[in-house]
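The file coords31.cif comes next; it holds mmCIF, C-alpha atoms.
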```cif
data_target
#
loop_
_atom_site.label_atom_id
_atom_site.label_comp_id
_atom_site.auth_asym_id
_atom_site.auth_seq_id
_atom_site.Cartn_x
_atom_site.Cartn_y
_atom_site.Cartn_z
CA MET A 99 141.63 189.86 -36.97
CA ILE A 100 139.90 186.47 -37.37
CA ASP A 101 136.20 186.44 -36.60
CA ARG A 102 134.53 183.08 -36.04
CA THR A 103 130.82 182.43 -36.04
CA THR A 104 128.57 179.40 -36.00
CA ILE A 105 125.28 179.87 -37.80
CA GLY A 106 122.26 177.62 -37.86
CA ARG A 107 120.49 178.54 -41.06
CA GLY A 108 117.63 176.54 -42.53
CA ASN A 109 118.72 172.93 -42.78
CA VAL A 110 122.45 173.50 -42.19
CA LEU A 111 124.97 174.36 -39.53
CA MET A 112 127.74 176.60 -40.85
CA GLN A 113 130.99 177.32 -39.00
CA MET A 114 132.84 180.29 -40.49
CA SER A 115 136.21 181.99 -40.04
CA GLU A 116 136.70 185.42 -41.60
CA PHE A 117 140.02 187.17 -42.09
CA CYS A 118 139.06 190.72 -42.99
CA PRO A 119 141.90 193.25 -42.74
CA GLU A 120 141.22 196.95 -43.16
CA SER A 121 142.59 196.77 -46.69
CA GLY A 122 143.35 193.94 -49.05
CA ALA A 123 141.71 190.62 -49.71
CA GLN A 124 139.21 189.08 -47.34
CA GLU A 125 139.36 185.31 -46.78
CA TYR A 126 136.62 182.97 -45.66
CA HIS A 127 136.77 179.34 -44.55
CA LEU A 128 133.42 177.61 -44.15
CA MET A 129 132.60 174.19 -42.74
CA ILE A 130 129.04 173.38 -43.72
CA ALA A 131 127.06 170.38 -42.48
CA PRO A 132 123.37 169.55 -42.91
CA SER A 133 121.14 169.52 -39.87
CA VAL A 134 118.64 167.31 -41.71
CA THR A 135 118.92 163.52 -41.73
CA GLY A 136 117.79 160.93 -44.20
CA CYS A 137 118.22 161.21 -47.97
CA PHE A 138 121.71 162.07 -49.22
CA CYS A 139 120.38 164.34 -51.96
CA ASP A 140 118.41 166.38 -49.41
CA GLN A 141 121.53 166.80 -47.29
CA LEU A 142 123.64 167.74 -50.31
CA SER A 143 121.02 170.22 -51.48
CA ALA A 144 121.04 171.89 -48.06
CA VAL A 145 124.84 172.22 -48.11
CA ASN A 146 124.92 173.62 -51.65
CA GLN A 147 122.08 176.04 -50.94
CA ALA A 148 124.09 177.37 -48.00
CA ILE A 149 127.07 177.96 -50.29
CA ALA A 150 124.87 179.75 -52.83
CA ASP A 151 123.21 181.85 -50.12
CA PHE A 152 126.56 182.88 -48.70
CA ARG A 153 127.71 184.09 -52.09
CA HIS A 154 124.46 185.91 -52.82
CA GLY A 155 125.08 189.60 -53.25
CA HIS A 156 128.85 189.14 -53.35
CA ASP A 157 129.62 189.11 -57.05
CA ASP A 158 133.25 189.99 -56.33
CA MET A 159 133.74 187.00 -54.02
CA ASN A 160 135.73 184.24 -55.69
CA LEU A 161 134.98 180.64 -54.79
CA ASP A 162 138.46 179.09 -54.90
CA PHE A 163 137.94 175.52 -53.73
CA ILE A 164 135.41 173.07 -52.28
CA ARG A 165 136.04 169.68 -50.75
CA TYR A 166 133.07 167.44 -50.04
CA PHE A 167 133.41 164.69 -47.45
CA VAL A 168 130.94 161.89 -48.18
CA SER A 169 129.99 158.64 -46.50
CA ASP A 170 129.68 156.44 -49.61
CA ALA A 171 131.47 157.68 -52.73
CA SER A 172 130.25 154.85 -54.94
CA ASN A 173 126.65 156.00 -54.57
CA GLN A 174 127.12 159.69 -53.84
CA GLU A 175 130.01 161.06 -55.88
CA HIS A 176 128.11 161.55 -59.14
CA PHE A 177 125.38 163.52 -57.33
CA VAL A 178 128.02 165.83 -55.85
CA MET A 179 129.82 166.40 -59.14
CA ASP A 180 126.58 167.12 -60.99
CA ALA A 181 125.32 169.53 -58.34
CA ALA A 182 128.66 171.30 -57.79
CA SER A 183 129.14 172.09 -61.47
CA GLU A 184 127.26 175.35 -60.90
CA PHE A 185 130.08 176.66 -58.71
CA SER A 186 132.77 176.71 -61.44
CA CYS A 187 135.70 176.02 -59.13
CA PRO A 188 137.94 173.02 -58.39
CA VAL A 189 135.85 170.44 -56.54
CA SER A 190 137.16 167.49 -54.57
CA VAL A 191 135.00 164.58 -53.39
CA ILE A 192 136.45 162.08 -50.96
CA GLU A 193 134.92 159.19 -49.09
CA GLN A 194 135.82 159.95 -45.48
CA PRO A 195 132.64 159.24 -43.51
CA LEU A 196 131.52 162.02 -41.21
CA LEU A 197 131.53 161.03 -37.56
CA ALA A 198 128.62 163.31 -36.65
CA GLY A 199 126.10 160.91 -38.17
CA ILE A 200 125.53 162.78 -41.44
CA LYS A 201 126.22 161.82 -45.04
CA VAL A 202 127.98 164.91 -46.43
CA SER A 203 129.86 167.99 -45.32
CA ALA A 204 131.89 170.62 -47.17
CA TRP A 205 134.97 172.72 -46.57
CA VAL A 206 134.66 175.88 -48.67
CA TYR A 207 137.38 178.49 -49.26
CA LEU A 208 136.47 181.90 -50.68
CA VAL A 209 138.38 185.13 -51.30
CA LYS A 210 137.04 188.64 -51.84
CA ARG A 211 139.61 190.96 -53.42
CA ALA A 212 139.40 194.73 -53.53
CA PHE A 213 141.96 194.89 -56.35
CA PRO A 214 143.66 192.45 -58.74
CA SER A 215 146.31 190.23 -57.17
CA GLU A 216 149.91 189.98 -58.32
CA TYR A 217 149.65 186.24 -57.67
CA ARG A 218 147.61 183.44 -59.17
CA HIS A 219 146.38 180.87 -56.67
CA ILE A 220 146.07 177.54 -58.45
CA TRP A 221 143.92 174.84 -56.87
CA ASN A 222 143.80 171.39 -58.44
CA ALA A 223 141.33 168.79 -57.25
CA TYR A 224 140.46 165.16 -57.74
CA MET A 225 143.64 164.17 -59.58
CA LYS A 226 143.96 160.45 -60.29
CA GLY A 227 146.67 158.47 -62.04
CA CYS A 228 147.02 155.25 -63.93
CA GLY A 229 148.89 152.07 -63.17
CA PRO A 230 148.36 148.73 -61.44
CA ASP A 231 149.46 149.78 -57.95
CA SER A 232 149.66 152.76 -55.63
CA ALA A 233 153.31 153.52 -56.45
CA SER A 234 152.71 153.78 -60.19
CA GLN A 235 149.48 155.73 -59.69
CA THR A 236 151.24 158.20 -57.39
CA ASP A 237 154.03 158.67 -59.95
CA SER A 238 151.42 159.21 -62.66
CA ILE A 239 149.53 161.77 -60.57
CA PHE A 240 152.63 163.86 -59.91
CA ARG A 241 153.72 163.72 -63.56
CA ASN A 242 150.29 164.83 -64.73
CA TYR A 243 150.24 167.56 -62.10
CA SER A 244 153.67 168.74 -63.23
CA ASP A 245 152.40 168.96 -66.81
CA SER A 246 149.35 170.91 -65.63
CA LEU A 247 151.51 173.40 -63.72
CA ALA A 248 153.86 173.76 -66.67
CA LYS A 249 150.94 175.07 -68.74
CA GLU A 250 150.59 177.80 -66.10
CA GLY A 251 154.29 178.60 -66.23
CA CYS A 252 154.88 176.90 -62.87
CA THR A 253 156.72 173.90 -61.44
CA ILE A 254 156.20 171.65 -58.44
CA PRO A 255 159.47 172.62 -56.69
CA GLU A 256 158.99 176.37 -57.13
CA ASN A 257 155.25 176.83 -56.83
CA CYS A 258 153.47 173.94 -55.13
CA ILE A 259 152.68 174.83 -51.51
CA ARG A 260 150.42 172.00 -50.30
CA THR A 261 149.19 168.55 -51.35
CA TRP A 262 146.67 166.08 -50.00
CA LEU A 263 147.04 162.40 -50.88
CA PHE A 264 144.01 160.20 -50.25
CA VAL A 265 144.81 156.50 -50.18
CA GLN A 266 142.33 153.66 -50.57
CA ASN A 267 143.10 151.00 -47.93
CA VAL A 268 145.92 153.06 -46.44
CA ASP A 269 147.35 150.18 -44.40
CA VAL A 270 148.06 148.30 -47.64
CA ASN A 271 148.70 151.03 -50.20
CA TYR A 272 150.51 153.79 -48.31
CA ALA A 273 153.95 152.23 -48.76
CA GLY A 274 153.49 152.46 -52.52
CA VAL A 275 152.47 156.11 -52.25
CA VAL A 276 155.62 156.83 -50.25
CA LYS A 277 157.78 155.13 -52.88
CA GLY A 278 156.09 156.77 -55.85
CA ARG A 279 156.38 160.25 -54.36
CA ARG A 280 159.94 159.77 -53.12
CA ASP A 281 161.19 158.46 -56.47
CA TYR A 282 159.52 161.26 -58.41
CA PHE A 283 160.78 163.92 -56.01
CA ASP A 284 164.32 162.57 -56.39
CA GLU A 285 163.90 162.91 -60.15
CA ILE A 286 162.86 166.57 -59.99
CA GLY A 287 165.45 167.53 -57.37
CA LEU A 288 163.36 167.63 -54.20
CA THR A 289 165.51 166.08 -51.48
CA LYS A 290 166.17 166.46 -47.76
CA ASP A 291 168.82 169.01 -48.69
CA THR A 292 166.41 171.20 -50.68
CA HIS A 293 162.83 170.97 -49.45
CA TYR A 294 159.68 168.89 -49.75
CA ILE A 295 156.02 170.03 -49.73
CA ALA A 296 153.53 170.29 -46.89
CA SER A 297 151.14 167.35 -47.22
CA THR A 298 148.60 165.04 -45.67
CA GLY A 299 148.63 161.35 -46.60
CA ILE A 300 145.49 159.76 -45.23
CA ALA A 301 142.87 157.10 -45.90
CA GLY A 302 140.18 158.07 -48.40
CA ARG A 303 138.72 156.78 -51.62
CA THR A 304 136.75 157.80 -54.66
CA ALA A 305 133.90 156.06 -56.49
CA ASP A 306 136.46 154.41 -58.78
CA SER A 307 137.51 151.23 -56.99
CA SER A 308 140.56 150.88 -59.25
CA SER A 309 141.88 154.28 -58.10
CA LYS A 310 144.18 153.62 -55.16
CA VAL A 311 145.31 157.25 -54.82
CA MET A 312 143.73 160.67 -55.37
CA MET A 313 145.38 164.06 -54.88
CA ASP A 314 144.37 167.68 -54.31
CA ALA A 315 146.99 170.41 -54.51
CA TYR A 316 147.53 174.14 -54.10
CA ALA A 317 150.19 176.22 -55.87
CA VAL A 318 150.95 179.92 -56.21
CA ASP A 319 152.21 181.60 -59.37
CA GLY A 320 154.30 184.72 -58.88
CA ILE A 321 155.82 183.62 -55.60
CA SER A 322 159.55 183.70 -54.85
CA ALA A 323 161.61 181.25 -52.81
CA GLY A 324 162.23 183.89 -50.15
CA GLN A 325 158.54 184.05 -49.33
CA ILE A 326 158.39 180.38 -48.31
CA LYS A 327 159.58 178.95 -45.00
CA TYR A 328 159.52 175.24 -44.14
CA LEU A 329 158.51 174.43 -40.58
CA LYS A 330 160.40 171.76 -38.65
CA GLY A 331 159.26 171.75 -35.02
CA SER A 332 162.56 170.05 -34.17
CA SER A 333 162.00 170.09 -30.41
CA HIS A 334 158.98 167.82 -30.85
CA LEU A 335 159.17 166.22 -34.31
CA ASN A 336 161.86 164.64 -36.45
CA PRO A 337 162.56 165.28 -40.15
CA THR A 338 160.22 163.05 -42.13
CA HIS A 339 163.02 161.65 -44.30
CA GLU A 340 164.36 159.85 -41.23
CA TYR A 341 161.54 157.36 -41.53
CA GLY A 342 161.47 157.29 -45.30
CA VAL A 343 158.76 159.79 -46.21
CA THR A 344 159.11 163.03 -48.12
CA PHE A 345 156.93 165.89 -46.92
CA GLU A 346 157.36 169.02 -44.83
CA ARG A 347 155.82 169.28 -41.37
CA GLY A 348 154.41 172.63 -42.37
CA THR A 349 154.95 175.61 -44.64
CA SER A 350 154.45 179.33 -44.15
CA VAL A 351 154.14 181.81 -47.00
CA ASP A 352 154.68 185.54 -46.53
CA TYR A 353 152.91 188.14 -48.61
CA GLY A 354 153.08 191.89 -48.22
CA ASP A 355 150.04 191.97 -45.96
CA ARG A 356 149.69 188.50 -44.40
CA ARG A 357 151.28 185.17 -43.63
CA HIS A 358 149.63 181.89 -44.63
CA VAL A 359 150.51 178.77 -42.65
CA PHE A 360 149.80 175.23 -43.83
CA ILE A 361 150.20 172.53 -41.18
CA SER A 362 150.58 169.04 -42.61
CA GLY A 363 148.79 166.04 -41.18
CA THR A 364 150.20 165.85 -37.65
CA ALA A 365 149.88 163.02 -35.13
CA SER A 366 151.25 162.03 -31.71
CA ILE A 367 154.92 161.68 -32.66
CA ASP A 368 158.20 162.64 -31.01
CA ASN A 369 161.49 163.96 -32.39
CA LYS A 370 162.78 160.42 -32.83
CA GLY A 371 159.88 159.47 -35.09
CA GLU A 372 158.23 157.29 -32.44
CA ILE A 373 154.53 157.11 -31.58
CA VAL A 374 153.81 158.84 -28.28
CA HIS A 375 151.20 157.33 -25.91
CA PRO A 376 150.34 154.15 -27.88
CA GLY A 377 146.73 153.09 -27.40
CA ASP A 378 145.69 156.22 -25.44
CA ILE A 379 143.46 158.42 -27.58
CA GLY A 380 143.17 161.23 -25.03
CA ARG A 381 146.90 161.61 -24.47
CA GLN A 382 147.61 161.24 -28.20
CA THR A 383 145.22 164.13 -28.85
CA LEU A 384 147.03 166.30 -26.30
CA ARG A 385 150.45 165.49 -27.80
CA MET A 386 149.12 166.14 -31.31
CA TRP A 387 147.94 169.59 -30.22
CA GLU A 388 151.35 170.24 -28.64
CA ASN A 389 153.09 169.32 -31.90
CA VAL A 390 150.82 171.56 -33.97
CA GLU A 391 151.32 174.39 -31.48
CA VAL A 392 155.10 174.13 -31.89
CA LEU A 393 154.81 174.28 -35.69
CA LEU A 394 152.48 177.27 -35.53
CA ALA A 395 154.84 179.04 -33.12
CA GLU A 396 157.70 178.57 -35.57
CA ALA A 397 155.61 180.65 -37.98
CA GLU A 398 154.89 183.18 -35.17
CA CYS A 399 151.28 182.00 -34.99
CA THR A 400 149.02 180.34 -32.43
CA PHE A 401 145.76 178.41 -32.54
CA ASP A 402 144.06 181.83 -32.45
CA ASP A 403 145.24 182.30 -36.06
CA VAL A 404 143.82 178.99 -37.30
CA MET A 405 141.02 179.28 -39.87
CA HIS A 406 139.89 175.65 -39.97
CA MET A 407 140.79 172.16 -38.77
CA ILE A 408 140.29 168.68 -40.19
CA VAL A 409 140.49 165.82 -37.69
CA TYR A 410 141.06 162.21 -38.79
CA LEU A 411 140.23 159.24 -36.55
CA ARG A 412 141.18 155.59 -37.02
CA ASP A 413 138.53 154.23 -34.65
CA ILE A 414 135.00 155.64 -34.81
CA ALA A 415 134.56 154.69 -31.15
CA ASP A 416 136.99 157.50 -30.24
CA TYR A 417 134.82 160.21 -31.78
CA GLU A 418 132.87 161.13 -28.66
CA GLN A 419 135.97 161.68 -26.53
CA VAL A 420 138.02 163.50 -29.18
CA SER A 421 135.17 165.73 -30.36
CA LEU A 422 134.44 166.72 -26.76
CA MET A 423 138.10 167.66 -26.26
CA PHE A 424 138.13 169.76 -29.43
CA HIS A 425 134.83 171.45 -28.69
CA GLU A 426 135.98 172.37 -25.19
CA ARG A 427 139.28 173.88 -26.35
CA PHE A 428 138.22 175.20 -29.79
CA PRO A 429 134.48 175.83 -29.56
CA GLU A 430 134.30 178.33 -32.44
CA HIS A 431 136.95 176.99 -34.84
CA PRO A 432 135.46 175.54 -38.02
CA LYS A 433 136.28 171.84 -37.93
CA VAL A 434 135.21 168.49 -39.24
CA PHE A 435 135.75 164.99 -37.84
CA VAL A 436 136.02 162.10 -40.30
CA TRP A 437 136.76 158.41 -40.17
CA ALA A 438 140.09 158.10 -41.97
CA PRO A 439 142.84 155.82 -40.65
CA VAL A 440 146.26 157.45 -40.40
CA CYS A 441 149.21 156.03 -42.32
CA ARG A 442 150.71 154.24 -39.28
CA PRO A 443 148.25 152.01 -37.39
CA GLY A 444 149.48 153.12 -33.95
CA TRP A 445 148.42 156.70 -34.61
CA LEU A 446 144.83 156.93 -33.47
CA VAL A 447 144.25 160.56 -34.41
CA GLU A 448 145.71 163.13 -36.79
CA MET A 449 144.85 166.72 -37.61
CA GLU A 450 145.73 169.39 -40.13
CA CYS A 451 144.95 173.09 -40.21
CA MET A 452 145.46 176.34 -42.07
CA ALA A 453 146.22 179.66 -40.38
CA VAL A 454 146.57 183.28 -41.42
CA ARG A 455 148.16 186.24 -39.63
CA GLN A 456 148.41 189.89 -40.57
CA ILE A 457 151.95 191.13 -41.20
CA VAL A 458 153.57 194.00 -43.08
CA ASN A 459 156.41 193.10 -45.39
CA LYS A 460 157.15 195.75 -48.00
CA GLU A 461 159.46 193.38 -49.83
CA TYR A 462 156.50 191.43 -51.22
CA LYS A 463 153.24 192.24 -52.95
CA PRO A 464 149.99 191.84 -50.99
CA PHE A 465 148.03 188.61 -51.20
#
```
Show me, as structure tokens, the structure contained in the file I just sent.
Amino acid sequence: MIDRTTIGRGNVLMQMSEFCPESGAQEYHLMIAPSVTGCFCDQLSAVNQAIADFRHGHDDMNLDFIRYFVSDASNQEHFVMDAASEFSCPVSVIEQPLLAGIKVSAWVYLVKRAFPSEYRHIWNAYMKGCGPDSASQTDSIFRNYSDSLAKEGCTIPENCIRTWLFVQNVDVNYAGVVKGRRDYFDEIGLTKDTHYIASTGIAGRTADSSSKVMMDAYAVDGISAGQIKYLKGSSHLNPTHEYGVTFERGTSVDYGDRRHVFISGTASIDNKGEIVHPGDIGRQTLRMWENVEVLLAEAECTFDDVMHMIVYLRDIADYEQVSLMFHERFPEHPKVFVWAPVCRPGWLVEMECMAVRQIVNKEYKPF
């Protein structure tokens, strides 16, 4: 059901996954990188032209979300925001330098619907808060996000499916993010006895040096609690609350015609919360894959159902080995490798992914 292609077109290399069932919405995940070197604006122009070309002739294709990975937000972010304004969709820009020696890359998510959906898919991007530290900024972000969802008739506990928290100087500021999120979740009734939200908390920064935290998020209006399942992977991973953090290992969402699976940032960890294979990047990568595989299996999926992957490395010197491992096992999967230290220094690599699988469930409306 998922077709994957890699296309060299003009000055870009585009990796694409297509989920195109016989009826219902078609979904596309693109990872676009320039094949030109040199000037940032030339590279950005090549990426954006590829997005425009892909949409050409598809007036019914909705561009839901774009995230740009850049090498130097202070000098590049304003160029991205100016150029991306033509796309009229939520746009995220995060400084997570590309490890392939380029200055910019983009993850693009598009949907082509044959008929109106019963659901509204709400993407929010580039949310920043106020306050002197990462805890207060995280609290501010979630409060502002809650207000934004309320205007859509939604709430964080009932409708938010996935968040991404990007933390400037993660080794220093992540503890504050953990506290700010945990305290706010306690306030709105999200506990270990209810549920949390699938999430990635990872190093990344914006052009604003005073912004210690930035968040992207995805929510669905019209969804019911019965459609959502929280993935545990208990044979391989422990509940996150056992080491003081408040996110789900993964989430699956059932619609009438498909299942969406959101795997949180996952590293080489065991079911006691301990780092597996300290200092060994190759074995950590293998254990990370094993953990992700277990989570996917809990949602009755495999890596064959994965639409895209994002891989985060703490040490840029590990890129050659890890990228070779990924390219050998997943040659056609759209993926990007970025320099972004994980929240615990001993974790050398982390990955996240999104998957989709065709199902039939007459209890729910189609996607």
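Across the chains present, the PyMOL selection byres ((chain A and resi 208-214) around 7) applied to this file returns Gly122, Ala123, Gln124, Glu125, Tyr126, His127, Asp158, Met159, Asn160, Leu161, Asp162, Val206, Tyr207, Ser215 and Glu216 of chain A.
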(request) Excluding Ala248 in chain A and residues on its chain fewer than 4 positions from it, collect all residues at most 12 Å away from it, counting only C-alpha atoms, and give them as a PyMOL selection string. (result) chain A and resi 220+241-244+252-258+317+319
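With all atoms listed in the file as the basis for measurement, A:Ser121 is the residue among A:Ser183, A:Ser362, A:Ser121, A:Ser308 that approaches Met99 in chain A most closely.
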(request) Name the residues that the PyMOL selection byres ((chain A and resi 269-279) around 8) picks from the file above, as number ranges by chain, using the file's chain letters and numbers. (result) A: 231-237, 240, 265-268, 280-283, 299, 310-311, 342-344, 441-443
(message) I want to know what sits within 8 Å of Lys226 in chain A, based on all atoms listed in the file, with residues of the same chain fewer than 6 positions away left out; could you give that as a PyMOL selection string?
(response) chain A and resi 235+238-239+309+311-313
(message) Given only C-alpha atoms as the basis, pick out the residue of A:Ile361, A:Phe465, A:Ile149, A:Asp170 nearest to Leu196 in chain A.
(response) A:Asp170
(request) Could you jot down the CA of Gln113 in chain A to CA of Val434 in chain A separation for me, Å, one decimal place? (result) 9.8 Å
(request) Show which residues sit within 12 Å of Trp205 in chain A, as a ChimeraX atom specification. Count only C-alpha atoms, and ignore same-chain residues fewer than 5 positions away. (result) /A:112-115,126-131,145-146,148-149,161-168,189-192,405-408,432-435,451-452
Restricted to C-alpha atoms, what would the selected residues look like written as a JSON list (two decimals), in the frame of the given file?
```json
[["chain", "number", "residue", "atom", "x", "y", "z"],
["A", 112, "MET", "CA", 127.74, 176.60, -40.85],
["A", 113, "GLN", "CA", 130.99, 177.32, -39.00],
["A", 114, "MET", "CA", 132.84, 180.29, -40.49],
["A", 115, "SER", "CA", 136.21, 181.99, -40.04],
["A", 126, "TYR", "CA", 136.62, 182.97, -45.66],
["A", 127, "HIS", "CA", 136.77, 179.34, -44.55],
["A", 128, "LEU", "CA", 133.42, 177.61, -44.15],
["A", 129, "MET", "CA", 132.60, 174.19, -42.74],
["A", 130, "ILE", "CA", 129.04, 173.38, -43.72],
["A", 131, "ALA", "CA", 127.06, 170.38, -42.48],
["A", 145, "VAL", "CA", 124.84, 172.22, -48.11],
["A", 146, "ASN", "CA", 124.92, 173.62, -51.65],
["A", 148, "ALA", "CA", 124.09, 177.37, -48.00],
["A", 149, "ILE", "CA", 127.07, 177.96, -50.29],
["A", 161, "LEU", "CA", 134.98, 180.64, -54.79],
["A", 162, "ASP", "CA", 138.46, 179.09, -54.90],
["A", 163, "PHE", "CA", 137.94, 175.52, -53.73],
["A", 164, "ILE", "CA", 135.41, 173.07, -52.28],
["A", 165, "ARG", "CA", 136.04, 169.68, -50.75],
["A", 166, "TYR", "CA", 133.07, 167.44, -50.04],
["A", 167, "PHE", "CA", 133.41, 164.69, -47.45],
["A", 168, "VAL", "CA", 130.94, 161.89, -48.18],
["A", 189, "VAL", "CA", 135.85, 170.44, -56.54],
["A", 190, "SER", "CA", 137.16, 167.49, -54.57],
["A", 191, "VAL", "CA", 135.00, 164.58, -53.39],
["A", 192, "ILE", "CA", 136.45, 162.08, -50.96],
["A", 405, "MET", "CA", 141.02, 179.28, -39.87],
["A", 406, "HIS", "CA", 139.89, 175.65, -39.97],
["A", 407, "MET", "CA", 140.79, 172.16, -38.77],
["A", 408, "ILE", "CA", 140.29, 168.68, -40.19],
["A", 432, "PRO", "CA", 135.46, 175.54, -38.02],
["A", 433, "LYS", "CA", 136.28, 171.84, -37.93],
["A", 434, "VAL", "CA", 135.21, 168.49, -39.24],
["A", 435, "PHE", "CA", 135.75, 164.99, -37.84],
["A", 451, "CYS", "CA", 144.95, 173.09, -40.21],
["A", 452, "MET", "CA", 145.46, 176.34, -42.07]]
```
(request) Name the closest residue to Ser332 in chain A among the candidates A:Phe360, A:Lys290, A:Met386, A:Leu393; distances are taken between atoms, counting only C-alpha atoms. (result)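 Going through A:Phe360, A:Lys290, A:Met386, A:Leu393 one by one, the smallest distance to Ser332 in chain A is for A:Leu393.
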Since the input is missing atoms for range 453-459 of chain A, could you rebuild it with all heavy atoms and give the result as a CSV table (one decimal), keeping the file's coordinate frame?
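Now in selection10.csv:
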```csv
chain,number,residue,atom,x,y,z
A,453,ALA,N,146.3,178.5,-41.2
A,453,ALA,CA,146.2,179.7,-40.4
A,453,ALA,C,146.6,180.9,-41.2
A,453,ALA,O,147.2,180.7,-42.3
A,453,ALA,CB,147.2,179.5,-39.2
A,454,VAL,N,146.2,182.0,-40.7
A,454,VAL,CA,146.6,183.3,-41.4
A,454,VAL,C,146.8,184.4,-40.4
A,454,VAL,O,146.1,184.4,-39.3
A,454,VAL,CB,145.5,183.7,-42.4
A,454,VAL,CG1,144.1,183.9,-41.8
A,454,VAL,CG2,145.9,184.9,-43.2
A,455,ARG,N,147.8,185.2,-40.6
A,455,ARG,CA,148.2,186.2,-39.6
A,455,ARG,C,148.5,187.5,-40.4
A,455,ARG,O,149.2,187.4,-41.4
A,455,ARG,CB,149.3,185.8,-38.8
A,455,ARG,CG,149.9,186.8,-37.8
A,455,ARG,CD,151.0,186.2,-36.9
A,455,ARG,NE,151.6,187.1,-36.0
A,455,ARG,CZ,152.7,187.8,-36.3
A,455,ARG,NH1,153.3,187.6,-37.5
A,455,ARG,NH2,153.2,188.7,-35.5
A,456,GLN,N,148.1,188.6,-39.9
A,456,GLN,CA,148.4,189.9,-40.6
A,456,GLN,C,149.9,190.3,-40.3
A,456,GLN,O,150.3,190.2,-39.1
A,456,GLN,CB,147.5,191.0,-40.1
A,456,GLN,CG,147.7,192.3,-40.9
A,456,GLN,CD,146.6,193.3,-40.6
A,456,GLN,OE1,145.9,193.2,-39.6
A,456,GLN,NE2,146.4,194.2,-41.5
A,457,ILE,N,150.6,190.6,-41.3
A,457,ILE,CA,152.0,191.1,-41.2
A,457,ILE,C,152.1,192.3,-42.2
A,457,ILE,O,151.2,192.5,-43.0
A,457,ILE,CB,153.0,190.1,-41.5
A,457,ILE,CG1,152.9,189.6,-43.0
A,457,ILE,CG2,152.9,188.9,-40.5
A,457,ILE,CD1,154.1,188.7,-43.4
A,458,VAL,N,153.2,193.0,-42.1
A,458,VAL,CA,153.6,194.0,-43.1
A,458,VAL,C,155.0,193.7,-43.5
A,458,VAL,O,155.9,193.7,-42.7
A,458,VAL,CB,153.5,195.4,-42.5
A,458,VAL,CG1,154.0,196.4,-43.5
A,458,VAL,CG2,152.1,195.7,-42.0
A,459,ASN,N,155.1,193.4,-44.8
A,459,ASN,CA,156.4,193.1,-45.4
A,459,ASN,C,156.5,193.8,-46.8
A,459,ASN,O,155.9,193.3,-47.7
A,459,ASN,CB,156.6,191.6,-45.5
A,459,ASN,CG,158.0,191.2,-45.9
A,459,ASN,OD1,158.7,192.0,-46.6
A,459,ASN,ND2,158.5,190.0,-45.5
```
